[in-house]
>>> print(open('structure_7.pdb').read())   # PDB, C-alpha atoms and all ligand atoms
ATOM      1  CA  MET M  18     -22.420 197.762 -12.788  1.00  0.00           C
ATOM      2  CA  ALA M  19     -20.914 194.965 -14.857  1.00  0.00           C
ATOM      3  CA  ILE M  20     -22.381 191.500 -15.284  1.00  0.00           C
ATOM      4  CA  ILE M  21     -20.106 189.084 -13.399  1.00  0.00           C
ATOM      5  CA  ALA M  22     -19.651 185.670 -14.999  1.00  0.00           C
ATOM      6  CA  PRO M  23     -17.395 183.352 -12.969  1.00  0.00           C
ATOM      7  CA  SER M  24     -15.753 180.637 -15.085  1.00  0.00           C
ATOM      8  CA  LEU M  25     -16.306 177.194 -13.556  1.00  0.00           C
ATOM      9  CA  LEU M  26     -13.154 175.977 -15.293  1.00  0.00           C
ATOM     10  CA  SER M  27     -11.195 177.158 -12.254  1.00  0.00           C
ATOM     11  CA  ALA M  28     -13.503 175.448  -9.746  1.00  0.00           C
ATOM     12  CA  ASP M  29     -12.593 172.308  -7.814  1.00  0.00           C
ATOM     13  CA  PHE M  30     -14.159 169.556  -9.944  1.00  0.00           C
ATOM     14  CA  LEU M  31     -14.362 167.199  -6.994  1.00  0.00           C
ATOM     15  CA  ASN M  32     -16.554 169.740  -5.236  1.00  0.00           C
ATOM     16  CA  LEU M  33     -18.718 171.214  -7.972  1.00  0.00           C
ATOM     17  CA  GLN M  34     -21.864 171.172  -5.861  1.00  0.00           C
ATOM     18  CA  GLN M  35     -20.086 173.395  -3.372  1.00  0.00           C
ATOM     19  CA  ALA M  36     -19.002 175.759  -6.162  1.00  0.00           C
ATOM     20  CA  CYS M  37     -22.582 175.947  -7.472  1.00  0.00           C
ATOM     21  CA  THR M  38     -24.025 176.634  -4.020  1.00  0.00           C
ATOM     22  CA  MET M  39     -21.454 179.382  -3.493  1.00  0.00           C
ATOM     23  CA  LEU M  40     -22.308 180.938  -6.893  1.00  0.00           C
ATOM     24  CA  ASN M  41     -26.048 180.630  -6.381  1.00  0.00           C
ATOM     25  CA  ASN M  42     -25.817 182.440  -3.051  1.00  0.00           C
ATOM     26  CA  SER M  43     -23.407 185.049  -4.415  1.00  0.00           C
ATOM     27  CA  ARG M  44     -23.928 188.183  -6.480  1.00  0.00           C
ATOM     28  CA  ALA M  45     -22.664 186.390  -9.610  1.00  0.00           C
ATOM     29  CA  ASP M  46     -24.983 187.030 -12.550  1.00  0.00           C
ATOM     30  CA  TRP M  47     -24.005 184.249 -14.928  1.00  0.00           C
ATOM     31  CA  TYR M  48     -22.294 180.862 -15.021  1.00  0.00           C
ATOM     32  CA  HIS M  49     -19.521 180.967 -17.659  1.00  0.00           C
ATOM     33  CA  LEU M  50     -18.963 177.433 -18.976  1.00  0.00           C
ATOM     34  CA  ASP M  51     -15.828 176.798 -21.044  1.00  0.00           C
ATOM     35  CA  VAL M  52     -16.063 173.945 -23.538  1.00  0.00           C
ATOM     36  CA  MET M  53     -12.772 172.843 -25.161  1.00  0.00           C
ATOM     37  CA  ASP M  54     -12.174 170.165 -27.783  1.00  0.00           C
ATOM     38  CA  GLY M  55      -8.396 169.671 -27.863  1.00  0.00           C
ATOM     39  CA  ARG M  56      -8.407 170.798 -31.513  1.00  0.00           C
ATOM     40  CA  PHE M  57      -9.403 174.442 -31.665  1.00  0.00           C
ATOM     41  CA  VAL M  58      -7.551 174.932 -28.379  1.00  0.00           C
ATOM     42  CA  PRO M  59      -4.761 172.810 -26.847  1.00  0.00           C
ATOM     43  CA  ASN M  60      -6.877 171.570 -23.948  1.00  0.00           C
ATOM     44  CA  ILE M  61      -9.985 169.469 -23.299  1.00  0.00           C
ATOM     45  CA  SER M  62     -12.552 170.427 -20.685  1.00  0.00           C
ATOM     46  CA  PHE M  63     -16.163 169.198 -20.715  1.00  0.00           C
ATOM     47  CA  GLY M  64     -19.188 168.909 -22.988  1.00  0.00           C
ATOM     48  CA  PRO M  65     -23.008 169.031 -22.985  1.00  0.00           C
ATOM     49  CA  MET M  66     -23.386 166.367 -20.295  1.00  0.00           C
ATOM     50  CA  ILE M  67     -21.651 168.516 -17.682  1.00  0.00           C
ATOM     51  CA  VAL M  68     -23.461 171.651 -18.870  1.00  0.00           C
ATOM     52  CA  GLU M  69     -26.710 169.810 -18.185  1.00  0.00           C
ATOM     53  CA  PHE M  70     -25.609 169.166 -14.595  1.00  0.00           C
ATOM     54  CA  PHE M  71     -24.821 172.861 -14.123  1.00  0.00           C
ATOM     55  CA  ARG M  72     -28.227 173.694 -15.610  1.00  0.00           C
ATOM     56  CA  LYS M  73     -29.891 171.553 -12.955  1.00  0.00           C
ATOM     57  CA  ALA M  74     -27.802 173.166 -10.222  1.00  0.00           C
ATOM     58  CA  THR M  75     -28.778 176.769 -10.946  1.00  0.00           C
ATOM     59  CA  THR M  76     -31.416 179.149 -12.222  1.00  0.00           C
ATOM     60  CA  LYS M  77     -28.721 181.645 -13.212  1.00  0.00           C
ATOM     61  CA  TYR M  78     -28.008 182.419 -16.860  1.00  0.00           C
ATOM     62  CA  CYS M  79     -25.754 179.786 -18.436  1.00  0.00           C
ATOM     63  CA  ASP M  80     -23.232 181.381 -20.787  1.00  0.00           C
ATOM     64  CA  VAL M  81     -21.577 178.575 -22.764  1.00  0.00           C
ATOM     65  CA  HIS M  82     -18.285 179.434 -24.471  1.00  0.00           C
ATOM     66  CA  LEU M  83     -17.486 176.928 -27.207  1.00  0.00           C
ATOM     67  CA  MET M  84     -13.797 176.690 -28.012  1.00  0.00           C
ATOM     68  CA  ILE M  85     -14.392 173.928 -30.520  1.00  0.00           C
ATOM     69  CA  GLU M  86     -14.230 173.270 -34.242  1.00  0.00           C
ATOM     70  CA  GLU M  87     -17.453 172.572 -36.140  1.00  0.00           C
ATOM     71  CA  PRO M  88     -19.738 173.977 -33.415  1.00  0.00           C
ATOM     72  CA  GLU M  89     -22.757 173.370 -35.701  1.00  0.00           C
ATOM     73  CA  LYS M  90     -22.502 169.673 -34.838  1.00  0.00           C
ATOM     74  CA  PHE M  91     -23.153 170.386 -31.158  1.00  0.00           C
ATOM     75  CA  ALA M  92     -25.439 173.452 -31.059  1.00  0.00           C
ATOM     76  CA  GLU M  93     -28.560 171.358 -30.602  1.00  0.00           C
ATOM     77  CA  ALA M  94     -26.982 169.267 -27.846  1.00  0.00           C
ATOM     78  CA  PHE M  95     -26.068 172.408 -25.910  1.00  0.00           C
ATOM     79  CA  LYS M  96     -29.587 173.752 -26.357  1.00  0.00           C
ATOM     80  CA  LYS M  97     -30.942 170.501 -24.911  1.00  0.00           C
ATOM     81  CA  ALA M  98     -28.404 170.747 -22.093  1.00  0.00           C
ATOM     82  CA  GLY M  99     -29.928 174.104 -21.142  1.00  0.00           C
ATOM     83  CA  ALA M 100     -27.550 176.774 -22.472  1.00  0.00           C
ATOM     84  CA  ASP M 101     -29.017 180.295 -22.473  1.00  0.00           C
ATOM     85  CA  ASN M 102     -26.221 181.719 -24.592  1.00  0.00           C
ATOM     86  CA  LEU M 103     -23.966 179.877 -27.008  1.00  0.00           C
ATOM     87  CA  THR M 104     -20.740 181.586 -28.059  1.00  0.00           C
ATOM     88  CA  VAL M 105     -18.745 180.332 -31.044  1.00  0.00           C
ATOM     89  CA  HIS M 106     -15.310 181.466 -32.207  1.00  0.00           C
ATOM     90  CA  LEU M 107     -15.023 183.479 -35.385  1.00  0.00           C
ATOM     91  CA  GLU M 108     -11.757 181.654 -36.118  1.00  0.00           C
ATOM     92  CA  ALA M 109     -13.502 178.252 -35.894  1.00  0.00           C
ATOM     93  CA  CYS M 110     -16.379 179.061 -38.245  1.00  0.00           C
ATOM     94  CA  THR M 111     -15.974 179.160 -42.016  1.00  0.00           C
ATOM     95  CA  HIS M 112     -19.653 180.041 -42.336  1.00  0.00           C
ATOM     96  CA  LEU M 113     -20.065 182.151 -39.235  1.00  0.00           C
ATOM     97  CA  HIS M 114     -23.314 183.730 -40.360  1.00  0.00           C
ATOM     98  CA  ARG M 115     -24.843 180.274 -40.745  1.00  0.00           C
ATOM     99  CA  ASN M 116     -23.696 179.317 -37.237  1.00  0.00           C
ATOM    100  CA  ILE M 117     -25.339 182.449 -35.839  1.00  0.00           C
ATOM    101  CA  GLN M 118     -28.600 181.681 -37.637  1.00  0.00           C
ATOM    102  CA  GLN M 119     -28.559 178.118 -36.339  1.00  0.00           C
ATOM    103  CA  ILE M 120     -28.026 179.171 -32.715  1.00  0.00           C
ATOM    104  CA  LYS M 121     -30.781 181.784 -32.872  1.00  0.00           C
ATOM    105  CA  SER M 122     -33.214 179.450 -34.583  1.00  0.00           C
ATOM    106  CA  LEU M 123     -32.648 177.004 -31.709  1.00  0.00           C
ATOM    107  CA  GLY M 124     -33.854 179.751 -29.356  1.00  0.00           C
ATOM    108  CA  MET M 125     -30.584 180.692 -27.660  1.00  0.00           C
ATOM    109  CA  HIS M 126     -28.774 183.986 -27.443  1.00  0.00           C
ATOM    110  CA  CYS M 127     -25.747 184.022 -29.700  1.00  0.00           C
ATOM    111  CA  GLY M 128     -22.248 185.173 -28.912  1.00  0.00           C
ATOM    112  CA  VAL M 129     -19.161 185.406 -31.096  1.00  0.00           C
ATOM    113  CA  ALA M 130     -15.679 185.232 -29.585  1.00  0.00           C
ATOM    114  CA  ILE M 131     -12.473 186.529 -31.112  1.00  0.00           C
ATOM    115  CA  ASN M 132      -8.900 185.579 -30.286  1.00  0.00           C
ATOM    116  CA  PRO M 133      -6.296 188.184 -29.338  1.00  0.00           C
ATOM    117  CA  HIS M 134      -4.904 188.304 -32.908  1.00  0.00           C
ATOM    118  CA  THR M 135      -8.258 188.915 -34.603  1.00  0.00           C
ATOM    119  CA  PRO M 136      -9.018 192.571 -35.329  1.00  0.00           C
ATOM    120  CA  VAL M 137     -12.279 194.071 -34.136  1.00  0.00           C
ATOM    121  CA  ASP M 138     -12.947 195.180 -37.741  1.00  0.00           C
ATOM    122  CA  ALA M 139     -13.555 191.544 -38.699  1.00  0.00           C
ATOM    123  CA  LEU M 140     -16.840 191.717 -36.752  1.00  0.00           C
ATOM    124  CA  LYS M 141     -18.338 194.663 -38.557  1.00  0.00           C
ATOM    125  CA  ASP M 142     -20.689 192.654 -40.785  1.00  0.00           C
ATOM    126  CA  ILE M 143     -22.095 190.347 -38.114  1.00  0.00           C
ATOM    127  CA  LEU M 144     -22.347 192.638 -35.091  1.00  0.00           C
ATOM    128  CA  ALA M 145     -25.983 193.440 -35.815  1.00  0.00           C
ATOM    129  CA  ASP M 146     -26.872 189.734 -35.737  1.00  0.00           C
ATOM    130  CA  ILE M 147     -25.476 188.792 -32.324  1.00  0.00           C
ATOM    131  CA  ASP M 148     -26.203 189.400 -28.634  1.00  0.00           C
ATOM    132  CA  LEU M 149     -22.708 189.142 -27.199  1.00  0.00           C
ATOM    133  CA  LEU M 150     -19.181 189.756 -28.341  1.00  0.00           C
ATOM    134  CA  CYS M 151     -16.599 187.850 -26.337  1.00  0.00           C
ATOM    135  CA  LEU M 152     -13.230 189.499 -26.595  1.00  0.00           C
ATOM    136  CA  MET M 153     -10.516 187.057 -25.564  1.00  0.00           C
ATOM    137  CA  SER M 154      -7.938 188.837 -23.447  1.00  0.00           C
ATOM    138  CA  VAL M 155      -5.752 185.703 -23.255  1.00  0.00           C
ATOM    139  CA  ASN M 156      -5.115 182.960 -25.787  1.00  0.00           C
ATOM    140  CA  PRO M 157      -7.968 180.542 -25.134  1.00  0.00           C
ATOM    141  CA  GLY M 158      -7.329 177.134 -23.653  1.00  0.00           C
ATOM    142  CA  PHE M 159      -6.400 177.670 -20.032  1.00  0.00           C
ATOM    143  CA  GLY M 160      -7.475 179.570 -16.952  1.00  0.00           C
ATOM    144  CA  GLY M 161      -5.031 181.597 -14.894  1.00  0.00           C
ATOM    145  CA  GLN M 162      -3.176 183.422 -17.687  1.00  0.00           C
ATOM    146  CA  SER M 163      -2.165 187.087 -17.706  1.00  0.00           C
ATOM    147  CA  PHE M 164      -4.377 189.748 -19.265  1.00  0.00           C
ATOM    148  CA  ILE M 165      -3.111 190.989 -22.652  1.00  0.00           C
ATOM    149  CA  GLU M 166      -3.027 194.784 -22.293  1.00  0.00           C
ATOM    150  CA  HIS M 167      -3.887 195.462 -25.950  1.00  0.00           C
ATOM    151  CA  SER M 168      -7.364 194.095 -25.182  1.00  0.00           C
ATOM    152  CA  LEU M 169      -8.219 197.461 -23.593  1.00  0.00           C
ATOM    153  CA  GLN M 170      -7.709 199.238 -26.907  1.00  0.00           C
ATOM    154  CA  LYS M 171      -9.792 196.580 -28.673  1.00  0.00           C
ATOM    155  CA  THR M 172     -12.563 197.019 -26.107  1.00  0.00           C
ATOM    156  CA  ARG M 173     -12.656 200.761 -26.792  1.00  0.00           C
ATOM    157  CA  GLU M 174     -12.758 200.165 -30.563  1.00  0.00           C
ATOM    158  CA  LEU M 175     -15.562 197.652 -30.195  1.00  0.00           C
ATOM    159  CA  LYS M 176     -17.535 199.938 -27.910  1.00  0.00           C
ATOM    160  CA  ALA M 177     -17.241 202.741 -30.480  1.00  0.00           C
ATOM    161  CA  LEU M 178     -18.432 200.426 -33.261  1.00  0.00           C
ATOM    162  CA  ILE M 179     -21.452 199.261 -31.243  1.00  0.00           C
ATOM    163  CA  THR M 180     -22.375 202.788 -30.172  1.00  0.00           C
ATOM    164  CA  ALA M 181     -22.018 204.175 -33.712  1.00  0.00           C
ATOM    165  CA  LYS M 182     -24.417 201.551 -35.036  1.00  0.00           C
ATOM    166  CA  ASN M 183     -26.694 201.893 -31.993  1.00  0.00           C
ATOM    167  CA  LEU M 184     -26.642 198.117 -31.430  1.00  0.00           C
ATOM    168  CA  ASN M 185     -27.654 196.074 -28.425  1.00  0.00           C
ATOM    169  CA  VAL M 186     -24.556 193.862 -28.180  1.00  0.00           C
ATOM    170  CA  LYS M 187     -22.849 193.141 -24.876  1.00  0.00           C
ATOM    171  CA  ILE M 188     -19.065 193.211 -24.688  1.00  0.00           C
ATOM    172  CA  GLU M 189     -17.646 190.356 -22.614  1.00  0.00           C
ATOM    173  CA  ILE M 190     -13.991 190.292 -21.587  1.00  0.00           C
ATOM    174  CA  ASP M 191     -12.617 186.810 -21.029  1.00  0.00           C
ATOM    175  CA  GLY M 192      -9.219 185.983 -19.570  1.00  0.00           C
ATOM    176  CA  GLY M 193      -6.921 187.375 -16.914  1.00  0.00           C
ATOM    177  CA  VAL M 194      -9.509 189.638 -15.274  1.00  0.00           C
ATOM    178  CA  THR M 195      -8.434 190.661 -11.764  1.00  0.00           C
ATOM    179  CA  LEU M 196      -9.684 193.092  -9.118  1.00  0.00           C
ATOM    180  CA  GLN M 197      -6.759 195.302 -10.127  1.00  0.00           C
ATOM    181  CA  ASN M 198      -7.414 195.527 -13.884  1.00  0.00           C
ATOM    182  CA  ALA M 199     -11.223 195.289 -13.832  1.00  0.00           C
ATOM    183  CA  PRO M 200     -11.830 199.048 -13.302  1.00  0.00           C
ATOM    184  CA  ALA M 201      -9.888 199.882 -16.499  1.00  0.00           C
ATOM    185  CA  ILE M 202     -11.716 197.115 -18.403  1.00  0.00           C
ATOM    186  CA  ILE M 203     -15.108 198.482 -17.344  1.00  0.00           C
ATOM    187  CA  GLU M 204     -13.969 202.006 -18.154  1.00  0.00           C
ATOM    188  CA  ALA M 205     -13.018 200.846 -21.672  1.00  0.00           C
ATOM    189  CA  GLY M 206     -16.585 199.654 -22.250  1.00  0.00           C
ATOM    190  CA  ALA M 207     -16.977 196.078 -20.999  1.00  0.00           C
ATOM    191  CA  ASP M 208     -20.460 194.910 -19.991  1.00  0.00           C
ATOM    192  CA  VAL M 209     -19.567 191.379 -18.831  1.00  0.00           C
ATOM    193  CA  LEU M 210     -16.490 190.277 -16.887  1.00  0.00           C
ATOM    194  CA  VAL M 211     -15.522 186.607 -16.934  1.00  0.00           C
ATOM    195  CA  ALA M 212     -13.357 185.657 -13.972  1.00  0.00           C
ATOM    196  CA  GLY M 213     -11.977 182.198 -13.284  1.00  0.00           C
ATOM    197  CA  ASN M 214      -8.867 182.206 -11.147  1.00  0.00           C
ATOM    198  CA  THR M 215      -9.605 185.563  -9.550  1.00  0.00           C
ATOM    199  CA  VAL M 216     -12.812 184.136  -8.105  1.00  0.00           C
ATOM    200  CA  PHE M 217     -12.083 180.481  -7.425  1.00  0.00           C
ATOM    201  CA  LYS M 218      -8.510 180.790  -6.166  1.00  0.00           C
ATOM    202  CA  SER M 219      -9.367 183.577  -3.766  1.00  0.00           C
ATOM    203  CA  ALA M 220      -9.796 183.008  -0.030  1.00  0.00           C
ATOM    204  CA  ASP M 221     -13.431 184.118  -0.157  1.00  0.00           C
ATOM    205  CA  PRO M 222     -14.900 183.614  -3.665  1.00  0.00           C
ATOM    206  CA  ALA M 223     -18.294 185.148  -2.837  1.00  0.00           C
ATOM    207  CA  ALA M 224     -16.635 188.262  -1.401  1.00  0.00           C
ATOM    208  CA  THR M 225     -14.439 188.536  -4.513  1.00  0.00           C
ATOM    209  CA  ILE M 226     -17.529 188.342  -6.736  1.00  0.00           C
ATOM    210  CA  SER M 227     -19.123 191.046  -4.629  1.00  0.00           C
ATOM    211  CA  ALA M 228     -16.020 193.233  -4.932  1.00  0.00           C
ATOM    212  CA  LEU M 229     -16.070 192.828  -8.746  1.00  0.00           C
ATOM    213  CA  LYS M 230     -19.747 193.663  -8.770  1.00  0.00           C
ATOM    214  CA  ASP M 231     -19.197 196.855  -6.783  1.00  0.00           C
ATOM    215  CA  LEU M 232     -16.547 198.256  -9.118  1.00  0.00           C
TER     216      LEU M 232
HETATM  217  C1  LIG H 301      -9.912 180.612 -21.378  1.00  0.00           C
HETATM  218  C2  LIG H 301     -11.367 180.581 -20.961  1.00  0.00           C
HETATM  219  C3  LIG H 301     -11.639 181.539 -19.845  1.00  0.00           C
HETATM  220  C4  LIG H 301     -10.852 181.248 -18.615  1.00  0.00           C
HETATM  221  C5  LIG H 301     -10.907 182.406 -17.688  1.00  0.00           C
HETATM  222  O1  LIG H 301      -9.720 179.776 -22.429  1.00  0.00           O
HETATM  223  O2  LIG H 301     -12.218 180.933 -22.048  1.00  0.00           O
HETATM  224  O3  LIG H 301     -13.035 181.635 -19.587  1.00  0.00           O
HETATM  225  O4  LIG H 301     -11.242 180.083 -17.959  1.00  0.00           O
HETATM  226  O5  LIG H 301     -10.113 182.117 -16.596  1.00  0.00           O
HETATM  227  P1  LIG H 301      -9.189 183.220 -15.926  1.00  0.00           P
HETATM  228  O6  LIG H 301     -10.116 184.286 -15.413  1.00  0.00           O
HETATM  229  O7  LIG H 301      -8.491 182.489 -14.857  1.00  0.00           O
HETATM  230  O8  LIG H 301      -8.274 183.784 -16.994  1.00  0.00           O
HETATM  231 ZN    ZN H 302     -14.386 181.508 -21.581  1.00  0.00          ZN
END
>>> encode(input="structure_7.pdb", output="structure tokens")
Amino acid sequence: MAIIAPSLLSADFLNLQQACTMLNNSRADWYHLDVMDGRFVPNISFGPMIVEFFRKATTKYCDVHLMIEEPEKFAEAFKKAGADNLTVHLEACTHLHRNIQQIKSLGMHCGVAINPHTPVDALKDILADIDLLCLMSVNPGFGGQSFIEHSLQKTRELKALITAKNLNVKIEIDGGVTLQNAPAIIEAGADVLVAGNTVFKSADPAATISALKDL
């Protein structure tokens, strides 16, 4: 059974309390919170202040996905805001190992995300140091995009790498996850499914979460 992490980016921001209540009463495991800076990605979303509000609205695990440059400047602020996991992008970190050390020393789980063009091989020397690998299955920046099929092959490669080294790293697939493609994604080795549009644009979000959970 996969961990289901709905992305609040696709929620109605005028009715966030309603979205949180729905999630809290649903079978969703995590809150997936997408932070964008308008530099690393061509969009701006929200920062630590909003994460803090989500923290107060739930006891569920808060998975914060930073799509920002210089994440070291904000790691402490996100810790204070209540993040359980902080994910940084490999492509945004010149000294990725230092970023990982910083996040762990602040007492959070650490994730690393890679864009669709980044090969899984690039992770080989840091896999043992992280808790989560976020494989982007769309180009980050927007919800509601189509799943890039090659991500399935990357998921299988990553799964093989993790199994060969006997590591405890979760594979999270982020972008374009639907009820139709989720079975193949799980089959390829995913542990965590992020779902934005599939959940929040559906007629019955809680039922959609439940359907994802039952796959
Ligand atoms: C994309 C974000 C995703 C996105 C997922 O930049 O990291 O978390 O919101 O949304 P869907 O599931 O709609 O692709
Ligand atoms: Zn995300």
>>> closest_atom_pairs(input="structure_7.pdb", of="chain M", to="ligand LIG 301 (chain H)", cutoff="8 Å", atoms="only C-alpha atoms and all ligand atoms", output="JSON lines")
{"residue": "M:Pro23", "atom": "CA", "partner": "H:LIG301", "partner_atom": "O6", "distance": 7.7}
{"residue": "M:Ser24", "atom": "CA", "partner": "H:LIG301", "partner_atom": "O3", "distance": 5.4}
{"residue": "M:Leu25", "atom": "CA", "partner": "H:LIG301", "partner_atom": "O4", "distance": 7.3}
{"residue": "M:Leu26", "atom": "CA", "partner": "H:LIG301", "partner_atom": "O4", "distance": 5.3}
{"residue": "M:Ser27", "atom": "CA", "partner": "H:LIG301", "partner_atom": "O4", "distance": 6.4}
{"residue": "M:His49", "atom": "CA", "partner": "H:LIG301", "partner_atom": "O3", "distance": 6.8}
{"residue": "M:Leu50", "atom": "CA", "partner": "H:LIG301", "partner_atom": "O3", "distance": 7.3}
{"residue": "M:Asp51", "atom": "CA", "partner": "H:LIG301", "partner_atom": "O2", "distance": 5.6}
{"residue": "M:Val58", "atom": "CA", "partner": "H:LIG301", "partner_atom": "O1", "distance": 8.0}
{"residue": "M:His82", "atom": "CA", "partner": "H:LIG301", "partner_atom": "O2", "distance": 6.7}
{"residue": "M:Met84", "atom": "CA", "partner": "H:LIG301", "partner_atom": "O2", "distance": 7.5}
{"residue": "M:Met153", "atom": "CA", "partner": "H:LIG301", "partner_atom": "O2", "distance": 7.3}
{"residue": "M:Val155", "atom": "CA", "partner": "H:LIG301", "partner_atom": "C1", "distance": 6.8}
{"residue": "M:Asn156", "atom": "CA", "partner": "H:LIG301", "partner_atom": "O1", "distance": 6.5}
{"residue": "M:Pro157", "atom": "CA", "partner": "H:LIG301", "partner_atom": "O1", "distance": 3.3}
{"residue": "M:Gly158", "atom": "CA", "partner": "H:LIG301", "partner_atom": "O1", "distance": 3.8}
{"residue": "M:Phe159", "atom": "CA", "partner": "H:LIG301", "partner_atom": "O1", "distance": 4.6}
{"residue": "M:Gly160", "atom": "CA", "partner": "H:LIG301", "partner_atom": "O5", "distance": 3.7}
{"residue": "M:Gly161", "atom": "CA", "partner": "H:LIG301", "partner_atom": "O7", "distance": 3.6}
{"residue": "M:Gln162", "atom": "CA", "partner": "H:LIG301", "partner_atom": "O8", "distance": 5.2}
{"residue": "M:Ser163", "atom": "CA", "partner": "H:LIG301", "partner_atom": "O8", "distance": 7.0}
{"residue": "M:Phe164", "atom": "CA", "partner": "H:LIG301", "partner_atom": "O8", "distance": 7.5}
{"residue": "M:Asp191", "atom": "CA", "partner": "H:LIG301", "partner_atom": "O3", "distance": 5.4}
{"residue": "M:Gly192", "atom": "CA", "partner": "H:LIG301", "partner_atom": "O8", "distance": 3.5}
{"residue": "M:Gly193", "atom": "CA", "partner": "H:LIG301", "partner_atom": "O8", "distance": 3.8}
{"residue": "M:Val194", "atom": "CA", "partner": "H:LIG301", "partner_atom": "O6", "distance": 5.4}
{"residue": "M:Thr195", "atom": "CA", "partner": "H:LIG301", "partner_atom": "O6", "distance": 7.5}
{"residue": "M:Val211", "atom": "CA", "partner": "H:LIG301", "partner_atom": "O6", "distance": 6.1}
{"residue": "M:Ala212", "atom": "CA", "partner": "H:LIG301", "partner_atom": "O6", "distance": 3.8}
{"residue": "M:Gly213", "atom": "CA", "partner": "H:LIG301", "partner_atom": "O6", "distance": 3.5}
{"residue": "M:Asn214", "atom": "CA", "partner": "H:LIG301", "partner_atom": "O7", "distance": 3.7}
{"residue": "M:Thr215", "atom": "CA", "partner": "H:LIG301", "partner_atom": "O6", "distance": 6.0}
{"residue": "M:Val216", "atom": "CA", "partner": "H:LIG301", "partner_atom": "O6", "distance": 7.8}
>>> write_last_selection(input="structure_7.pdb", atoms="C-alpha atoms", output="PDB file, keeping the file's coordinate frame")
ATOM      1  CA  PRO M  23     -17.395 183.352 -12.969  1.00  0.00           C
ATOM      2  CA  SER M  24     -15.753 180.637 -15.085  1.00  0.00           C
ATOM      3  CA  LEU M  25     -16.306 177.194 -13.556  1.00  0.00           C
ATOM      4  CA  LEU M  26     -13.154 175.977 -15.293  1.00  0.00           C
ATOM      5  CA  SER M  27     -11.195 177.158 -12.254  1.00  0.00           C
ATOM      6  CA  HIS M  49     -19.521 180.967 -17.659  1.00  0.00           C
ATOM      7  CA  LEU M  50     -18.963 177.433 -18.976  1.00  0.00           C
ATOM      8  CA  ASP M  51     -15.828 176.798 -21.044  1.00  0.00           C
ATOM      9  CA  VAL M  58      -7.551 174.932 -28.379  1.00  0.00           C
ATOM     10  CA  HIS M  82     -18.285 179.434 -24.471  1.00  0.00           C
ATOM     11  CA  MET M  84     -13.797 176.690 -28.012  1.00  0.00           C
ATOM     12  CA  MET M 153     -10.516 187.057 -25.564  1.00  0.00           C
ATOM     13  CA  VAL M 155      -5.752 185.703 -23.255  1.00  0.00           C
ATOM     14  CA  ASN M 156      -5.115 182.960 -25.787  1.00  0.00           C
ATOM     15  CA  PRO M 157      -7.968 180.542 -25.134  1.00  0.00           C
ATOM     16  CA  GLY M 158      -7.329 177.134 -23.653  1.00  0.00           C
ATOM     17  CA  PHE M 159      -6.400 177.670 -20.032  1.00  0.00           C
ATOM     18  CA  GLY M 160      -7.475 179.570 -16.952  1.00  0.00           C
ATOM     19  CA  GLY M 161      -5.031 181.597 -14.894  1.00  0.00           C
ATOM     20  CA  GLN M 162      -3.176 183.422 -17.687  1.00  0.00           C
ATOM     21  CA  SER M 163      -2.165 187.087 -17.706  1.00  0.00           C
ATOM     22  CA  PHE M 164      -4.377 189.748 -19.265  1.00  0.00           C
ATOM     23  CA  ASP M 191     -12.617 186.810 -21.029  1.00  0.00           C
ATOM     24  CA  GLY M 192      -9.219 185.983 -19.570  1.00  0.00           C
ATOM     25  CA  GLY M 193      -6.921 187.375 -16.914  1.00  0.00           C
ATOM     26  CA  VAL M 194      -9.509 189.638 -15.274  1.00  0.00           C
ATOM     27  CA  THR M 195      -8.434 190.661 -11.764  1.00  0.00           C
ATOM     28  CA  VAL M 211     -15.522 186.607 -16.934  1.00  0.00           C
ATOM     29  CA  ALA M 212     -13.357 185.657 -13.972  1.00  0.00           C
ATOM     30  CA  GLY M 213     -11.977 182.198 -13.284  1.00  0.00           C
ATOM     31  CA  ASN M 214      -8.867 182.206 -11.147  1.00  0.00           C
ATOM     32  CA  THR M 215      -9.605 185.563  -9.550  1.00  0.00           C
ATOM     33  CA  VAL M 216     -12.812 184.136  -8.105  1.00  0.00           C
TER      34      VAL M 216
END
>>> resolve_selection(input="structure_7.pdb", expression="the PyMOL selection byres (((chain M and resi 125) around 9) and not hetatm)", output="PyMOL selection string")
chain M and resi 96+100-103+120-124+126-127
>>> resolve_selection(input="structure_7.pdb", expression="the PyMOL selection byres (((chain M and resi 29-34) around 12) and not hetatm)", output="mmCIF file with C-alpha atoms, keeping the file's coordinate frame")
data_model
loop_
_atom_site.group_PDB
_atom_site.id
_atom_site.type_symbol
_atom_site.label_atom_id
_atom_site.label_comp_id
_atom_site.auth_asym_id
_atom_site.auth_seq_id
_atom_site.Cartn_x
_atom_site.Cartn_y
_atom_site.Cartn_z
ATOM 1 C CA SER M 24 -15.753 180.637 -15.085
ATOM 2 C CA LEU M 25 -16.306 177.194 -13.556
ATOM 3 C CA LEU M 26 -13.154 175.977 -15.293
ATOM 4 C CA SER M 27 -11.195 177.158 -12.254
ATOM 5 C CA ALA M 28 -13.503 175.448 -9.746
ATOM 6 C CA GLN M 35 -20.086 173.395 -3.372
ATOM 7 C CA ALA M 36 -19.002 175.759 -6.162
ATOM 8 C CA CYS M 37 -22.582 175.947 -7.472
ATOM 9 C CA THR M 38 -24.025 176.634 -4.020
ATOM 10 C CA MET M 39 -21.454 179.382 -3.493
ATOM 11 C CA LEU M 40 -22.308 180.938 -6.893
ATOM 12 C CA ASN M 41 -26.048 180.630 -6.381
ATOM 13 C CA SER M 62 -12.552 170.427 -20.685
ATOM 14 C CA PHE M 63 -16.163 169.198 -20.715
ATOM 15 C CA ILE M 67 -21.651 168.516 -17.682
ATOM 16 C CA VAL M 68 -23.461 171.651 -18.870
ATOM 17 C CA PHE M 70 -25.609 169.166 -14.595
ATOM 18 C CA PHE M 71 -24.821 172.861 -14.123
ATOM 19 C CA ARG M 72 -28.227 173.694 -15.610
ATOM 20 C CA LYS M 73 -29.891 171.553 -12.955
ATOM 21 C CA ALA M 74 -27.802 173.166 -10.222
ATOM 22 C CA THR M 75 -28.778 176.769 -10.946
ATOM 23 C CA GLY M 213 -11.977 182.198 -13.284
ATOM 24 C CA ASN M 214 -8.867 182.206 -11.147
ATOM 25 C CA VAL M 216 -12.812 184.136 -8.105
ATOM 26 C CA PHE M 217 -12.083 180.481 -7.425
ATOM 27 C CA LYS M 218 -8.510 180.790 -6.166
#
